[in-house]
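Here's the structure we're looking at; comments come further down.
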Amino acid sequence: VMMRLADLVDKNLDALARAESVDNGKPLSLARSLDIPRAAKNLRFFATAVLHARSETHPMEGVGFNYTLRQPRGVAGIISPWNLPLYLFTWKIAPALATGNTVVGKPSEVTPMTAYMLGELCAEAGVPPGVLNIVHGLGAKAGAALVTHPDVPTIAFTGGTATGARIASDAAPMFKKIGLELGGKNPNIIFADADLDAALEGSVRSSFANQGQV
């Protein structure tokens, strides 16, 4: 099913790229060449990677075995940002689905269209009802409800540092598994023997591409 969904993302590349461009002003060329193709690759990667998951076994000197049993966690709460609305949404959804979990995903309230279209493609691909649930709303309401719900044991969030700190604070007393990818800018270290023209071009591109949200 995930492979069929990846094929449908590829098939609808132009429509998804236009939706992303409307959502956040991204140049169509960037959406077509990076964001949407990477979303399809995310789905394919995790759909096939899960076929080769390891489960380690350690013998105990003829007495028995210690072994690792991998099981789904249940419901994964996914909160994704506006800057890469389908790329990062699928980056979180794909491993959760591949490992047997259901997902409640909340896209950024300012970029709802690609997530809506993904939901339609999921139905076309054969994702059963209730497996991937896309909920639109504000972070302070819909996102907070997802983070604090006792039946959502896993939270994955990409966004601002202050919001991430609040999520960690709310989730910690319930011992939830959380993954936080938070904001910030990295320094560029350019060595004395570098090609300075190439370093300058690369630094400007990496710092200001996608409205600086890379």
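For the structure tokens, the naming scheme is as follows: chains receive sequential letters (A, B, ...) according to their order of presentation, residues are indexed from 1 within each chain, and ligands are indexed from 1 in presentation order.
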
For segment 10-16 of chain A, find every residue with an atom within 7 Å (counting only C-alpha atoms), except residues of its own chain fewer than 5 positions away, and show them as a VMD selection string. chain A and resid 32 36 to 37 40 114

Now that the selection is made, can you save its residues with all heavy atoms as a PDB file, in the first residue's frame?
```pdb
ATOM      1  N   ARG A  32       8.978  20.846  -7.370  1.00  0.00           N
ATOM      2  CA  ARG A  32       8.997  19.732  -8.330  1.00  0.00           C
ATOM      3  C   ARG A  32      10.282  18.900  -8.235  1.00  0.00           C
ATOM      4  O   ARG A  32      10.252  17.685  -8.402  1.00  0.00           O
ATOM      5  CB  ARG A  32       8.866  20.270  -9.757  1.00  0.00           C
ATOM      6  CG  ARG A  32       7.463  20.732 -10.138  1.00  0.00           C
ATOM      7  CD  ARG A  32       7.386  20.979 -11.641  1.00  0.00           C
ATOM      8  NE  ARG A  32       6.071  21.429 -12.064  1.00  0.00           N
ATOM      9  CZ  ARG A  32       5.813  22.619 -12.584  1.00  0.00           C
ATOM     10  NH1 ARG A  32       6.801  23.487 -12.734  1.00  0.00           N
ATOM     11  NH2 ARG A  32       4.590  22.936 -12.946  1.00  0.00           N
ATOM     12  N   ILE A  36       8.479  17.255  -3.469  1.00  0.00           N
ATOM     13  CA  ILE A  36       7.526  16.202  -3.790  1.00  0.00           C
ATOM     14  C   ILE A  36       8.239  14.889  -4.127  1.00  0.00           C
ATOM     15  O   ILE A  36       7.844  13.827  -3.621  1.00  0.00           O
ATOM     16  CB  ILE A  36       6.581  16.640  -4.933  1.00  0.00           C
ATOM     17  CG1 ILE A  36       5.953  18.024  -4.613  1.00  0.00           C
ATOM     18  CG2 ILE A  36       5.497  15.591  -5.149  1.00  0.00           C
ATOM     19  CD1 ILE A  36       5.262  18.120  -3.260  1.00  0.00           C
ATOM     20  N   PRO A  37       9.301  14.893  -4.954  1.00  0.00           N
ATOM     21  CA  PRO A  37      10.023  13.634  -5.171  1.00  0.00           C
ATOM     22  C   PRO A  37      10.555  13.020  -3.880  1.00  0.00           C
ATOM     23  O   PRO A  37      10.544  11.799  -3.709  1.00  0.00           O
ATOM     24  CB  PRO A  37      11.164  14.037  -6.108  1.00  0.00           C
ATOM     25  CG  PRO A  37      10.647  15.234  -6.835  1.00  0.00           C
ATOM     26  CD  PRO A  37       9.821  15.973  -5.822  1.00  0.00           C
ATOM     27  N   ALA A  40       7.884  11.028  -2.008  1.00  0.00           N
ATOM     28  CA  ALA A  40       7.705   9.682  -2.556  1.00  0.00           C
ATOM     29  C   ALA A  40       8.852   8.769  -2.128  1.00  0.00           C
ATOM     30  O   ALA A  40       8.632   7.592  -1.794  1.00  0.00           O
ATOM     31  CB  ALA A  40       7.610   9.746  -4.073  1.00  0.00           C
ATOM     32  N   THR A 114      -1.279  20.369   0.776  1.00  0.00           N
ATOM     33  CA  THR A 114      -0.588  19.135   0.386  1.00  0.00           C
ATOM     34  C   THR A 114      -0.986  17.977   1.303  1.00  0.00           C
ATOM     35  O   THR A 114      -1.095  16.837   0.846  1.00  0.00           O
ATOM     36  CB  THR A 114       0.940  19.316   0.401  1.00  0.00           C
ATOM     37  OG1 THR A 114       1.338  19.909   1.639  1.00  0.00           O
ATOM     38  CG2 THR A 114       1.402  20.194  -0.744  1.00  0.00           C
TER      39      THR A 114
END
```

Which residues of segment 92-199 of chain A come within 7 Å of segment 60-83 of chain A, and for each one, what is the closest pair of atoms and their distance in Å to one decimal, counting only C-alpha atoms, sorted by chain and residue number, as JSON lines?
```
{"residue": "A:Lys92", "atom": "CA", "partner": "A:Ile78", "partner_atom": "CA", "distance": 6.7}
{"residue": "A:Ala96", "atom": "CA", "partner": "A:Ala76", "partner_atom": "CA", "distance": 6.7}
{"residue": "A:Thr99", "atom": "CA", "partner": "A:Pro72", "partner_atom": "CA", "distance": 6.0}
{"residue": "A:Gly100", "atom": "CA", "partner": "A:Pro72", "partner_atom": "CA", "distance": 5.3}
{"residue": "A:Asn101", "atom": "CA", "partner": "A:Gly74", "partner_atom": "CA", "distance": 5.1}
{"residue": "A:Thr102", "atom": "CA", "partner": "A:Val75", "partner_atom": "CA", "distance": 4.9}
{"residue": "A:Val103", "atom": "CA", "partner": "A:Ala76", "partner_atom": "CA", "distance": 4.8}
{"residue": "A:Val104", "atom": "CA", "partner": "A:Gly77", "partner_atom": "CA", "distance": 5.1}
{"residue": "A:Gly105", "atom": "CA", "partner": "A:Ile78", "partner_atom": "CA", "distance": 4.5}
{"residue": "A:Lys106", "atom": "CA", "partner": "A:Ile79", "partner_atom": "CA", "distance": 4.9}
{"residue": "A:Pro107", "atom": "CA", "partner": "A:Ser80", "partner_atom": "CA", "distance": 5.0}
{"residue": "A:Ser108", "atom": "CA", "partner": "A:Pro81", "partner_atom": "CA", "distance": 5.1}
{"residue": "A:Val110", "atom": "CA", "partner": "A:Trp82", "partner_atom": "CA", "distance": 6.5}
{"residue": "A:Thr111", "atom": "CA", "partner": "A:Trp82", "partner_atom": "CA", "distance": 5.6}
{"residue": "A:Gly143", "atom": "CA", "partner": "A:Ile79", "partner_atom": "CA", "distance": 6.9}
{"residue": "A:Leu146", "atom": "CA", "partner": "A:Gly77", "partner_atom": "CA", "distance": 6.2}
{"residue": "A:Val152", "atom": "CA", "partner": "A:Val75", "partner_atom": "CA", "distance": 5.1}
{"residue": "A:Pro153", "atom": "CA", "partner": "A:Val75", "partner_atom": "CA", "distance": 6.5}
{"residue": "A:Thr154", "atom": "CA", "partner": "A:Ala76", "partner_atom": "CA", "distance": 4.8}
{"residue": "A:Ile155", "atom": "CA", "partner": "A:Gly77", "partner_atom": "CA", "distance": 4.7}
{"residue": "A:Ala156", "atom": "CA", "partner": "A:Ile78", "partner_atom": "CA", "distance": 5.1}
{"residue": "A:Phe157", "atom": "CA", "partner": "A:Ile79", "partner_atom": "CA", "distance": 4.8}
{"residue": "A:Thr158", "atom": "CA", "partner": "A:Ser80", "partner_atom": "CA", "distance": 5.4}
{"residue": "A:Gly159", "atom": "CA", "partner": "A:Pro81", "partner_atom": "CA", "distance": 5.7}
```

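With atom CA of Ala192 of chain A on one side and atom CA of Val204 of chain A on the other, the separation reads 18.1 Å.
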
Mind checking which residues fall within 10 Å of Arg18 of chain A, counting only C-alpha atoms, ignoring those fewer than 6 positions away in the same chain, and posting them as a list in words?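 Residues near the query, excluding close chain neighbours: Gly25, Lys26, Pro27, Leu28, Ser29, Ala31, Arg32, Met113 and Thr114 of chain A.
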
If you keep all heavy atoms, can you produce a file of those selected residues as a PDB file, in the first residue's frame?
```pdb
ATOM      1  N   GLY A  25       4.373  29.715  -0.959  1.00  0.00           N
ATOM      2  CA  GLY A  25       5.125  30.565  -1.862  1.00  0.00           C
ATOM      3  C   GLY A  25       6.395  29.963  -2.404  1.00  0.00           C
ATOM      4  O   GLY A  25       7.232  30.670  -2.971  1.00  0.00           O
ATOM      5  N   LYS A  26       6.569  28.652  -2.252  1.00  0.00           N
ATOM      6  CA  LYS A  26       7.788  28.002  -2.730  1.00  0.00           C
ATOM      7  C   LYS A  26       7.839  28.021  -4.257  1.00  0.00           C
ATOM      8  O   LYS A  26       6.818  27.775  -4.910  1.00  0.00           O
ATOM      9  CB  LYS A  26       7.841  26.566  -2.223  1.00  0.00           C
ATOM     10  CG  LYS A  26       9.085  25.812  -2.638  1.00  0.00           C
ATOM     11  CD  LYS A  26       9.247  24.555  -1.826  1.00  0.00           C
ATOM     12  CE  LYS A  26       9.487  24.900  -0.366  1.00  0.00           C
ATOM     13  NZ  LYS A  26       9.812  23.719   0.436  1.00  0.00           N
ATOM     14  N   PRO A  27       8.995  28.272  -4.842  1.00  0.00           N
ATOM     15  CA  PRO A  27       9.095  28.198  -6.303  1.00  0.00           C
ATOM     16  C   PRO A  27       8.704  26.802  -6.804  1.00  0.00           C
ATOM     17  O   PRO A  27       9.082  25.786  -6.207  1.00  0.00           O
ATOM     18  CB  PRO A  27      10.579  28.480  -6.574  1.00  0.00           C
ATOM     19  CG  PRO A  27      11.048  29.244  -5.377  1.00  0.00           C
ATOM     20  CD  PRO A  27      10.258  28.707  -4.218  1.00  0.00           C
ATOM     21  N   LEU A  28       7.953  26.774  -7.888  1.00  0.00           N
ATOM     22  CA  LEU A  28       7.520  25.491  -8.442  1.00  0.00           C
ATOM     23  C   LEU A  28       8.707  24.591  -8.771  1.00  0.00           C
ATOM     24  O   LEU A  28       8.636  23.371  -8.589  1.00  0.00           O
ATOM     25  CB  LEU A  28       6.679  25.721  -9.698  1.00  0.00           C
ATOM     26  CG  LEU A  28       5.191  25.993  -9.494  1.00  0.00           C
ATOM     27  CD1 LEU A  28       4.549  26.417 -10.809  1.00  0.00           C
ATOM     28  CD2 LEU A  28       4.488  24.761  -8.929  1.00  0.00           C
ATOM     29  N   SER A  29       9.790  25.187  -9.253  1.00  0.00           N
ATOM     30  CA  SER A  29      10.955  24.386  -9.627  1.00  0.00           C
ATOM     31  C   SER A  29      11.509  23.632  -8.420  1.00  0.00           C
ATOM     32  O   SER A  29      11.931  22.471  -8.545  1.00  0.00           O
ATOM     33  CB  SER A  29      12.038  25.278 -10.231  1.00  0.00           C
ATOM     34  OG  SER A  29      12.438  26.274  -9.306  1.00  0.00           O
ATOM     35  N   ALA A  31       9.789  22.841  -5.583  1.00  0.00           N
ATOM     36  CA  ALA A  31       8.810  21.840  -5.155  1.00  0.00           C
ATOM     37  C   ALA A  31       8.848  20.612  -6.052  1.00  0.00           C
ATOM     38  O   ALA A  31       8.756  19.470  -5.581  1.00  0.00           O
ATOM     39  CB  ALA A  31       7.414  22.453  -5.157  1.00  0.00           C
ATOM     40  N   ARG A  32       8.978  20.846  -7.370  1.00  0.00           N
ATOM     41  CA  ARG A  32       8.997  19.732  -8.330  1.00  0.00           C
ATOM     42  C   ARG A  32      10.282  18.900  -8.235  1.00  0.00           C
ATOM     43  O   ARG A  32      10.252  17.685  -8.402  1.00  0.00           O
ATOM     44  CB  ARG A  32       8.866  20.270  -9.757  1.00  0.00           C
ATOM     45  CG  ARG A  32       7.463  20.732 -10.138  1.00  0.00           C
ATOM     46  CD  ARG A  32       7.386  20.979 -11.641  1.00  0.00           C
ATOM     47  NE  ARG A  32       6.071  21.429 -12.064  1.00  0.00           N
ATOM     48  CZ  ARG A  32       5.813  22.619 -12.584  1.00  0.00           C
ATOM     49  NH1 ARG A  32       6.801  23.487 -12.734  1.00  0.00           N
ATOM     50  NH2 ARG A  32       4.590  22.936 -12.946  1.00  0.00           N
ATOM     51  N   MET A 113      -2.809  22.329   2.249  1.00  0.00           N
ATOM     52  CA  MET A 113      -3.303  21.735   1.015  1.00  0.00           C
ATOM     53  C   MET A 113      -2.606  20.428   0.644  1.00  0.00           C
ATOM     54  O   MET A 113      -3.257  19.466   0.227  1.00  0.00           O
ATOM     55  CB  MET A 113      -3.163  22.742  -0.133  1.00  0.00           C
ATOM     56  CG  MET A 113      -3.978  22.395  -1.349  1.00  0.00           C
ATOM     57  SD  MET A 113      -5.736  22.306  -0.940  1.00  0.00           S
ATOM     58  CE  MET A 113      -6.364  21.431  -2.356  1.00  0.00           C
ATOM     59  N   THR A 114      -1.279  20.369   0.776  1.00  0.00           N
ATOM     60  CA  THR A 114      -0.588  19.135   0.386  1.00  0.00           C
ATOM     61  C   THR A 114      -0.986  17.977   1.303  1.00  0.00           C
ATOM     62  O   THR A 114      -1.095  16.837   0.846  1.00  0.00           O
ATOM     63  CB  THR A 114       0.940  19.316   0.401  1.00  0.00           C
ATOM     64  OG1 THR A 114       1.338  19.909   1.639  1.00  0.00           O
ATOM     65  CG2 THR A 114       1.402  20.194  -0.744  1.00  0.00           C
TER      66      THR A 114
END
```

Could you please determine the separation between atom CA of Asp151 of chain A and atom CA of Gly179 of chain A in Å, to one decimal place? 17.0 Å

Rank nothing, just name the residue among A:Ala168, A:Leu138, A:Ile93, A:Leu30 nearest to Gly119 of chain A, using only C-alpha atoms.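 Among the listed residues, A:Ile93 lies closest to Gly119 of chain A.
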
Mind listing the strand (DSSP E or B) residues of segment 24-159 of chain A, per DSSP on the backbone, as a list in words?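 Those in segment 24-159 of chain A that DSSP calls strand (DSSP E or B) are Thr57, His58, Pro59, Phe65, Asn66, Tyr67, Val75, Ala76, Gly77, Ile78, Ile79, Thr102, Val103, Val104, Gly105, Lys106, Leu132, Asn133, Ile134, Thr154, Ile155, Ala156, Phe157, Thr158 and Gly159 of chain A.
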
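Residue-level DSSP output for segment 144-214 of chain A, from the backbone, shows alpha helix (DSSP H) at Ala144, Ala145, Leu146, Val147, Thr148, Thr161, Ala162, Thr163, Gly164, Ala165, Arg166, Ile167, Ala168, Ser169, Asp170, Ala171, Leu196, Asp197, Ala198, Ala199, Leu200, Glu201, Gly202, Ser203, Val204, Arg205, Ser206, Ser207 and Phe208 of chain A.
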
For Met2 of chain A, work out the shell of residues within 10 Å, counting only C-alpha atoms and skipping chain neighbours fewer than 6 positions away, then give it as a compact mmCIF listing (two decimals) with all heavy atoms, in the first residue's frame.
```txt
# COMPACT_ATOMS: atom_id res chain seq x y z
N LEU A 8 1.58 7.10 -6.52
CA LEU A 8 0.56 8.13 -6.73
C LEU A 8 1.12 9.53 -6.46
O LEU A 8 0.74 10.50 -7.13
CB LEU A 8 -0.65 7.87 -5.84
CG LEU A 8 -1.54 6.69 -6.26
CD1 LEU A 8 -2.55 6.36 -5.17
CD2 LEU A 8 -2.25 7.01 -7.57
N ALA A 40 7.88 11.03 -2.01
CA ALA A 40 7.71 9.68 -2.56
C ALA A 40 8.85 8.77 -2.13
O ALA A 40 8.63 7.59 -1.79
CB ALA A 40 7.61 9.75 -4.07
N ASN A 42 10.61 9.00 0.62
CA ASN A 42 10.42 8.67 2.02
C ASN A 42 9.53 7.44 2.17
O ASN A 42 9.82 6.51 2.95
CB ASN A 42 9.77 9.84 2.76
CG ASN A 42 10.70 11.02 2.93
OD1 ASN A 42 11.92 10.90 2.81
ND2 ASN A 42 10.13 12.18 3.21
N LEU A 43 8.42 7.44 1.45
CA LEU A 43 7.48 6.33 1.52
C LEU A 43 8.12 5.03 1.05
O LEU A 43 7.99 3.98 1.70
CB LEU A 43 6.24 6.64 0.68
CG LEU A 43 5.37 7.79 1.21
CD1 LEU A 43 4.42 8.29 0.12
CD2 LEU A 43 4.59 7.36 2.45
N ARG A 44 8.85 5.08 -0.06
CA ARG A 44 9.49 3.88 -0.58
C ARG A 44 10.59 3.37 0.35
O ARG A 44 10.73 2.16 0.56
CB ARG A 44 10.08 4.15 -1.96
CG ARG A 44 9.04 4.31 -3.05
CD ARG A 44 9.65 4.24 -4.45
NE ARG A 44 8.60 4.41 -5.45
CZ ARG A 44 8.27 5.57 -6.00
NH1 ARG A 44 8.94 6.67 -5.67
NH2 ARG A 44 7.29 5.65 -6.87
N PHE A 45 11.35 4.29 0.90
CA PHE A 45 12.46 3.88 1.77
C PHE A 45 11.95 3.08 2.97
O PHE A 45 12.44 1.98 3.26
CB PHE A 45 13.24 5.11 2.25
CG PHE A 45 14.31 4.76 3.26
CD1 PHE A 45 15.56 4.32 2.83
CD2 PHE A 45 14.07 4.85 4.61
CE1 PHE A 45 16.54 3.97 3.74
CE2 PHE A 45 15.05 4.50 5.54
CZ PHE A 45 16.29 4.07 5.10
N PHE A 46 10.98 3.63 3.68
CA PHE A 46 10.52 2.96 4.89
C PHE A 46 9.67 1.73 4.58
O PHE A 46 9.68 0.75 5.35
CB PHE A 46 9.77 3.94 5.79
CG PHE A 46 10.69 4.93 6.45
CD1 PHE A 46 10.75 6.23 6.02
CD2 PHE A 46 11.52 4.54 7.49
CE1 PHE A 46 11.61 7.15 6.61
CE2 PHE A 46 12.38 5.45 8.09
CZ PHE A 46 12.43 6.75 7.65
N ALA A 47 8.95 1.75 3.46
CA ALA A 47 8.17 0.58 3.07
C ALA A 47 9.06 -0.63 2.83
O ALA A 47 8.70 -1.76 3.16
CB ALA A 47 7.34 0.88 1.83
N THR A 48 10.24 -0.40 2.28
CA THR A 48 11.15 -1.51 2.00
C THR A 48 12.11 -1.76 3.16
O THR A 48 12.48 -2.91 3.41
CB THR A 48 11.97 -1.23 0.72
OG1 THR A 48 12.62 0.05 0.83
CG2 THR A 48 11.06 -1.21 -0.50
N ALA A 94 5.73 7.91 7.29
CA ALA A 94 6.14 6.65 6.65
C ALA A 94 6.71 5.63 7.65
O ALA A 94 6.29 4.47 7.63
CB ALA A 94 7.13 6.93 5.53
N LEU A 97 3.81 4.23 9.93
CA LEU A 97 2.93 3.29 9.25
C LEU A 97 3.66 1.98 8.95
O LEU A 97 3.10 0.89 9.12
CB LEU A 97 2.40 3.89 7.95
CG LEU A 97 1.46 5.09 8.06
CD1 LEU A 97 1.04 5.55 6.67
CD2 LEU A 97 0.24 4.75 8.91
N ALA A 98 4.90 2.07 8.50
CA ALA A 98 5.64 0.87 8.11
C ALA A 98 5.83 -0.08 9.28
O ALA A 98 5.88 -1.30 9.09
CB ALA A 98 6.99 1.27 7.52
N CYS A 122 -4.03 8.64 -0.18
CA CYS A 122 -4.01 7.48 0.70
C CYS A 122 -5.25 6.62 0.48
O CYS A 122 -5.16 5.38 0.43
CB CYS A 122 -3.94 7.92 2.16
SG CYS A 122 -2.30 8.47 2.68
N ALA A 125 -4.84 4.78 -2.68
CA ALA A 125 -3.83 3.73 -2.61
C ALA A 125 -4.31 2.51 -1.83
O ALA A 125 -3.70 1.43 -1.93
CB ALA A 125 -2.56 4.27 -1.97
N GLY A 126 -5.36 2.67 -1.04
CA GLY A 126 -5.87 1.55 -0.26
C GLY A 126 -5.50 1.56 1.21
O GLY A 126 -5.63 0.54 1.89
N VAL A 127 -5.05 2.71 1.73
CA VAL A 127 -4.82 2.81 3.17
C VAL A 127 -6.17 2.66 3.88
O VAL A 127 -7.10 3.41 3.58
CB VAL A 127 -4.17 4.17 3.53
CG1 VAL A 127 -4.01 4.30 5.04
CG2 VAL A 127 -2.83 4.32 2.83
```

Give me the residues near Thr148 of chain A as a list in words, where near means some atom within 12 Å (using only C-alpha atoms) and where sequence neighbours in that chain fewer than 5 positions away do not count. Gly77, Ala140, Lys141, Ala142, Gly143, Pro153, Thr154, Ile155, Arg166, Ile167, Ala168, Ser169, Asp170, Ala171, Ala172, Pro173, Met174, Phe175, Lys176 and Ile178 of chain A

Expressed in Å to a single decimal, how great is the separation between atom CA of His52 of chain A and atom CA of Pro95 of chain A?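 Between atom CA of His52 of chain A and atom CA of Pro95 of chain A the gap works out to 13.1 Å.
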
Have a look at A:His149, A:Lys185, A:Arg38, A:His136 and name the one nearest to Thr161 of chain A; count only C-alpha atoms. A:Lys185
